[in-house]
Amino acid sequence: MASSTVFTGLNLFKSKKSTKLTTSTRFSDSRQQLSPNSVKCCSTTTTATTEEDTTRRVTLKNGNDSLDICRVLNGMWQTSGGWGRIDRDDAVEAMLRYADAGLSTFDMADHYGPAEDLYGIFIDRVRRERPAEYLDKVRGLTKWVPPPVKMTSSYVRESINVSRKRMDVPSLDMLQFHWWDYSNPGYLDALKHLTDLKEEGKIRTVALTNFDTERLQIILENGIPVVSNQVQHSIVDMRPQQKMAELCQLTGVKLITYGTVMGGLLSEKFLDTNIAIPFAGPLLNTPSLQKYKRMVDAWGGWSLFQTLLKTLKKVASKHGVSIPTVAVKYILDQ
């Protein structure tokens, strides 16, 4: 999800919230160098007509490619099956409610169960039931996560056509690409074919998800016009603020961050709890809670995490907001 005012995530069936943010990095001492032919993105945000648009939307830009999106995105990982059965009609109604409230950017993937299909039904409802200016604000960001096989033009084209058909759009607003095996340089072939599809109008913007700093730099040096990289980033997981942030500051690539409220762990619900005692505290009963509990363990353990929650609660109480609001705002400000 993404905005400089804080919103909760897309809740399709009373599951844990999914929060994704669009952030810009702020580092004045950028020493990392790129080769002369490297792509460089525009690092300025959108010029909006109202103060509300300025704080809630941002433009991702690289050369002639640009896309304005909400700063808080509706993440749709929870449609992938691990949270329980999804009622299609209820899910689409929930998407409409979020869009009606101004949260009109949705982030999904080819492997998030029916996420792309739900977006297709949703966008058809928007076309039929909402005014044209409403549709102009809606964005659908998806991901393509192929196996590391030979990336031919036809293979890439056929894969992207599947997402276009499922999402019921002539052109994908954003295609975020991920690659599992860095020892296989086929990711550069895939990105070049995606760039060709962008030139044909099948994709508006090309982006990355979960690429490391070294590979991001290689991609930019190969002239691939990526506008953003989606990475895990929270007040617990500060890894992007190391090398990644410096390269993004230098090139203007934006970060879309996920895991910012750690599946709900960064909330009052888990304050003053001891999950080591069976049934004594909230259950870690979703894939996201289980994933981010492992992050807590690697970071410093549950006792230290409780100290963090207590500190965040003091800040939240001072400002009359919640713990997740503080956690989200902190990352938005990076």
# chains A, B, ... in the order shown; residues from 1 in each chain; ligands from 1
call {"tool": "residues_around", "arguments": {"residues": "Leu208 in chain A", "least_positions_apart": "4", "cutoff": "6 Å", "atoms": "only C-alpha atoms", "output": "JSON, numbers by chain"}}
result
{"A": [176, 177, 229]}
call {"tool": "select_by_dssp", "arguments": {"residues": "range 178-327 of chain A", "states": "strand (DSSP E)", "output": "PyMOL selection string"}}
result
chain A and resi 203-209+226-232+254-258
call {"tool": "residues_around", "arguments": {"residues": "range 79-91 of chain A", "least_positions_apart": "4", "cutoff": "6 Å", "atoms": "only C-alpha atoms", "output": "VMD selection string"}}
result
chain A and resid 12 112 to 113 115 286
call {"tool": "write_last_selection", "arguments": {"atoms": "N, CA, C and O atoms", "output": "mmCIF file, in the first residue's frame"}}
result
data_model
loop_
_atom_site.group_PDB
_atom_site.id
_atom_site.type_symbol
_atom_site.label_atom_id
_atom_site.label_comp_id
_atom_site.auth_asym_id
_atom_site.auth_seq_id
_atom_site.Cartn_x
_atom_site.Cartn_y
_atom_site.Cartn_z
ATOM 1 N N LEU A 12 -9.852 -8.096 2.631
ATOM 2 C CA LEU A 12 -10.858 -8.739 1.797
ATOM 3 C C LEU A 12 -11.769 -9.667 2.575
ATOM 4 O O LEU A 12 -12.876 -9.948 2.177
ATOM 5 N N TYR A 112 -0.482 -14.573 -6.929
ATOM 6 C CA TYR A 112 -1.313 -14.275 -5.764
ATOM 7 C C TYR A 112 -2.725 -14.837 -5.962
ATOM 8 O O TYR A 112 -3.712 -14.105 -5.883
ATOM 9 N N GLY A 113 -2.834 -16.106 -6.244
ATOM 10 C CA GLY A 113 -4.150 -16.704 -6.415
ATOM 11 C C GLY A 113 -4.955 -15.956 -7.463
ATOM 12 O O GLY A 113 -4.468 -15.706 -8.574
ATOM 13 N N ALA A 115 -5.826 -12.836 -7.594
ATOM 14 C CA ALA A 115 -5.704 -11.377 -7.448
ATOM 15 C C ALA A 115 -5.908 -10.647 -8.773
ATOM 16 O O ALA A 115 -6.657 -9.660 -8.846
ATOM 17 N N THR A 286 -1.477 -16.597 10.286
ATOM 18 C CA THR A 286 -1.472 -16.246 8.872
ATOM 19 C C THR A 286 -0.045 -16.371 8.340
ATOM 20 O O THR A 286 0.923 -16.281 9.117
#
call {"tool": "residues_around", "arguments": {"residues": "Val126 in chain A", "least_positions_apart": "4", "cutoff": "12 Å", "atoms": "only C-alpha atoms", "output": "list in words"}}
result
Val92, Glu93, Met95, Leu96, Arg97, Ala99, Asp100, Ser104, Tyr119, Gly120, Ile121, Phe122, Arg130, Pro131, Ala132, Glu133, Tyr134, Leu135, Asp136, Lys137, Val138, Arg139 and Asp168 of chain A
call {"tool": "atom_distance", "arguments": {"atom1": "CA of Ile275 in chain A", "atom2": "CA of Leu309 in chain A"}}
result
14.4 Å
